[in-house]
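Engineer: Here it is, the structure in full.
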Amino acid sequence: MIQYLLKKQHKVIVAGNSWQLNYLTQTFPGIETLLLNGYEIRYPKDGRWFSLNILKQLPQLLRSIKQENIWLREQCNKLKVDAVISDNRYGLYHPSIPTVIMTHQLAPKTGLGIWADRLFKFLHDKLLKKFSKCWVVDVAEEPNLSGDLGHPRSTNNQIEYLGLLSQFSDRDSLPKSKEHLLILLSGPEPQRTILSKMLWQQVIQLKQPIVFVEGSHNAIKPDVIPSHIAYYQQLIKEDLLPILYKASMVVCRSGYSTLMDLVAVDKKAILIPTPGQAEQEYLAKKLNREGVFYSSIQQDFQLAHHLVSVEKFPFNKINLKYGLNQYQNVLDTWLNDLP
């Protein structure tokens, strides 16, 4: 979306924390940036308490959202901002400037049962209604990627489906091959590191080409890297794309951005949802049930075993590539309607 806006000669200012801005400035050299720290949510080591841990931090989260809104008003006054697009930042709404929030979760999953899900949806709806519009990052019809998360029974009239967003959607197809197994890590700590250590001990025993991408610039590089493994802490999209295209299989989290990238490049994957993160667990189970991606839980994960099991998995193609450029029409309409 940033690339498309820049191509249309719009001035874009991006706000984020230090590592987000570092990544974005590598991707878009010279882009104007503002430091905006995240919500600083603390994730438990034991995934079983993930949702309860988030609930405990809710008062702190609401305070952060309020401070974020104060910050936005100050920046809009200073920089003469015309409009705001928020990527799941609930405080970036404004009473007199068009503001849009992007999300794939209209009905969040808590993992705590139906009543907790309904309570969270009620609170979530109140936050979403503060914005001029809500863009759901998915296609409206079936098949779709987000399932119940982005397609609840009841919505309000400010909802619009944006289509899928992938960092690879604007790229011409590269020659595809099956040269290596790609380990592509991401997600919150400490679970990212826990999975990294688990998978590293397993891939060093394999006798096939491996590309191991930590997905964190803070990851500690192993002292010894076997010759059959290419190791990276983090890659920008220009470096990751050819590696992804040459992968015979991807082992990764079931985070929504990762799933959209997999759809964009049409790759098979073994999904390992972050323990206790109900959204990822729901998506992994849904896509496994539909035969789109293979999935397994993190506990006692054995890569060698699953590499054998996937040989019988159907890996049904999900026809969603048409949705990868849908955002352009939505953006154009919105931009034309700006005051």
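Residues are named by chain letter and number: chains run A, B, ... in the order of the structure tokens, numbers start at 1 in each chain, and ligands are numbered from 1 in the order shown.
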If you run DSSP on the backbone, which residues of range 59-308 of chain A are alpha helix (DSSP H), as a ChimeraX atom specification?

Structural biologist: /A:59-79,114-128,191-203,237-245,256-265,278-289,303-308

Engineer: Looking at only C-alpha atoms, which of A:Lys321, A:Arg118, A:Lys246, A:Lys267 is the one that sits closest to Leu145 in chain A?

Structural biologist: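 Ranking A:Lys321, A:Arg118, A:Lys246, A:Lys267 by distance to Leu145 in chain A, first place goes to A:Lys321.
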
Engineer: Would you pick out the contacts of Glu160 in chain A at 8 Å or less, using only C-alpha atoms, so that residues sharing its chain but fewer than 4 positions from it are not included, and give the list as a PDB file with C-alpha atoms, in the first residue's frame?

Structural biologist:
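part.pdb, written as the output of this step:
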ATOM      1  CA  LYS A 133     -13.887   3.284   7.968  1.00  0.00           C
ATOM      2  CA  CYS A 134     -12.713  -0.241   8.689  1.00  0.00           C
ATOM      3  CA  TRP A 135     -10.946  -2.133   5.919  1.00  0.00           C
ATOM      4  CA  VAL A 136     -11.030  -5.903   6.364  1.00  0.00           C
TER       5      VAL A 136
END

Engineer: Taking 4 positions as the minimum chain separation for residues in the same chain, which residues sit within 8 Å of Leu127 in chain A when counting only C-alpha atoms? Answer as a list in words.

Structural biologist: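 Here the answer would be Tyr90, Leu123 and Phe131 of chain A.
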
Engineer: Excluding Ser154 in chain A and its own-chain neighbours fewer than 5 positions away, which residues fall within 12 Å of it when counting only C-alpha atoms? Please give them as an MDAnalysis selection string.

Structural biologist: chainID A and resid 106:107 118 121:122 125 148:149 159

Engineer: Counting only C-alpha atoms, figure out which residue out of A:Tyr282, A:Tyr256, A:Tyr23, A:Trp71 gets nearest to Leu36 in chain A.

Structural biologist: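 Going through A:Tyr282, A:Tyr256, A:Tyr23, A:Trp71 one by one, the smallest distance to Leu36 in chain A is for A:Trp71.
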
Engineer: Any idea what the distance is between CA of Leu283 in chain A and CA of Gly147 in chain A?

Structural biologist: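 Straight-line distance from CA of Leu283 in chain A to CA of Gly147 in chain A works out to 7.8 Å.
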
Engineer: Identify, on the basis of only C-alpha atoms, every residue whose closest approach to Val310 in chain A does not exceed 10 Å; exclude the query and any residue fewer than 4 positions from it along the same chain; express the result as a ChimeraX atom specification.

Structural biologist: /A:249,268-270,293-295,305-306,314-315

Engineer: If you run DSSP on the backbone, which residues of range 110-278 of chain A are strand (DSSP E), as a short mmCIF file (atom, residue, chain, number, x, y, z; two decimals) with N, CA and C atoms, in the first residue's frame?

Structural biologist:
data_model
loop_
_atom_site.label_atom_id
_atom_site.label_comp_id
_atom_site.auth_asym_id
_atom_site.auth_seq_id
_atom_site.Cartn_x
_atom_site.Cartn_y
_atom_site.Cartn_z
N LYS A 133 -13.67 4.53 8.70
CA LYS A 133 -13.89 3.28 7.97
C LYS A 133 -13.06 2.17 8.59
N CYS A 134 -13.49 0.94 8.31
CA CYS A 134 -12.71 -0.24 8.69
C CYS A 134 -12.52 -1.09 7.44
N TRP A 135 -11.26 -1.30 7.07
CA TRP A 135 -10.95 -2.13 5.92
C TRP A 135 -10.56 -3.52 6.41
N VAL A 136 -11.31 -4.52 5.99
CA VAL A 136 -11.03 -5.90 6.36
C VAL A 136 -10.07 -6.49 5.33
N ILE A 159 -17.76 -1.13 7.29
CA ILE A 159 -16.86 -2.21 6.89
C ILE A 159 -16.73 -2.27 5.37
N GLU A 160 -15.50 -2.45 4.89
CA GLU A 160 -15.24 -2.67 3.47
C GLU A 160 -14.11 -3.68 3.33
N TYR A 161 -14.26 -4.62 2.42
CA TYR A 161 -13.23 -5.65 2.24
C TYR A 161 -12.17 -5.14 1.29
N HIS A 180 15.37 -26.06 -1.71
CA HIS A 180 15.66 -26.13 -0.28
C HIS A 180 14.38 -26.11 0.54
N LEU A 181 14.52 -26.47 1.81
CA LEU A 181 13.47 -26.32 2.80
C LEU A 181 13.69 -24.98 3.49
N LEU A 182 12.63 -24.17 3.57
CA LEU A 182 12.75 -22.83 4.15
C LEU A 182 12.12 -22.80 5.53
N ILE A 183 12.90 -22.47 6.55
CA ILE A 183 12.39 -22.21 7.89
C ILE A 183 12.24 -20.70 8.02
N LEU A 184 11.01 -20.23 8.15
CA LEU A 184 10.73 -18.79 8.16
C LEU A 184 10.02 -18.44 9.46
N ILE A 210 18.92 -26.40 3.58
CA ILE A 210 18.00 -25.67 4.46
C ILE A 210 18.34 -24.18 4.39
N VAL A 211 17.31 -23.34 4.33
CA VAL A 211 17.49 -21.91 4.55
C VAL A 211 16.73 -21.56 5.82
N PHE A 212 17.44 -21.01 6.78
CA PHE A 212 16.90 -20.74 8.11
C PHE A 212 16.86 -19.23 8.33
N VAL A 213 15.65 -18.65 8.37
CA VAL A 213 15.48 -17.19 8.55
C VAL A 213 14.83 -16.95 9.90
N ILE A 229 23.20 -25.61 5.64
CA ILE A 229 22.26 -24.59 6.11
C ILE A 229 22.76 -23.20 5.76
N ALA A 230 21.89 -22.40 5.12
CA ALA A 230 22.13 -20.97 4.93
C ALA A 230 21.34 -20.23 6.00
N TYR A 231 22.02 -19.44 6.81
CA TYR A 231 21.39 -18.82 7.99
C TYR A 231 21.29 -17.30 7.81
N TYR A 232 20.12 -16.74 8.17
CA TYR A 232 19.91 -15.28 8.13
C TYR A 232 19.14 -14.86 9.37
N ALA A 247 11.85 -22.47 -2.63
CA ALA A 247 11.61 -23.41 -1.53
C ALA A 247 10.69 -24.54 -1.96
N SER A 248 11.04 -25.76 -1.59
CA SER A 248 10.15 -26.90 -1.82
C SER A 248 9.04 -26.95 -0.78
N MET A 249 9.33 -26.41 0.40
CA MET A 249 8.38 -26.38 1.50
C MET A 249 8.78 -25.26 2.45
N VAL A 250 7.78 -24.63 3.07
CA VAL A 250 8.03 -23.57 4.05
C VAL A 250 7.51 -24.03 5.40
N VAL A 251 8.33 -23.87 6.43
CA VAL A 251 7.91 -24.15 7.80
C VAL A 251 7.81 -22.81 8.50
N CYS A 252 6.62 -22.45 9.00
CA CYS A 252 6.42 -21.09 9.50
C CYS A 252 5.25 -21.02 10.48
N ALA A 269 3.18 -25.29 2.72
CA ALA A 269 3.73 -24.90 4.02
C ALA A 269 3.27 -25.84 5.13
N ILE A 270 4.13 -25.97 6.13
CA ILE A 270 3.80 -26.60 7.40
C ILE A 270 3.65 -25.46 8.41
N LEU A 271 2.45 -25.30 8.94
CA LEU A 271 2.16 -24.20 9.86
C LEU A 271 2.29 -24.68 11.31
#

Engineer: Neighbouring residues of Pro95 in chain A were defined as those with any atom within 10 Å, considering only C-alpha atoms; residues of the same chain fewer than 5 positions away were excluded. Please report them as a PDB file with C-alpha atoms, in the first residue's frame.

Structural biologist:
ATOM      1  CA  ARG A  73      -3.687  14.720  17.287  1.00  0.00           C
ATOM      2  CA  LYS A 130     -14.139   5.408  16.354  1.00  0.00           C
ATOM      3  CA  PHE A 131     -12.691   5.294  12.829  1.00  0.00           C
ATOM      4  CA  SER A 132     -14.265   6.675   9.654  1.00  0.00           C
TER       5      SER A 132
END

Engineer: In Å, how far is it from CA of Leu338 in chain A to CA of Tyr93 in chain A?

Structural biologist: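 Answer for the CA of Leu338 in chain A to CA of Tyr93 in chain A separation: 15.3 Å.
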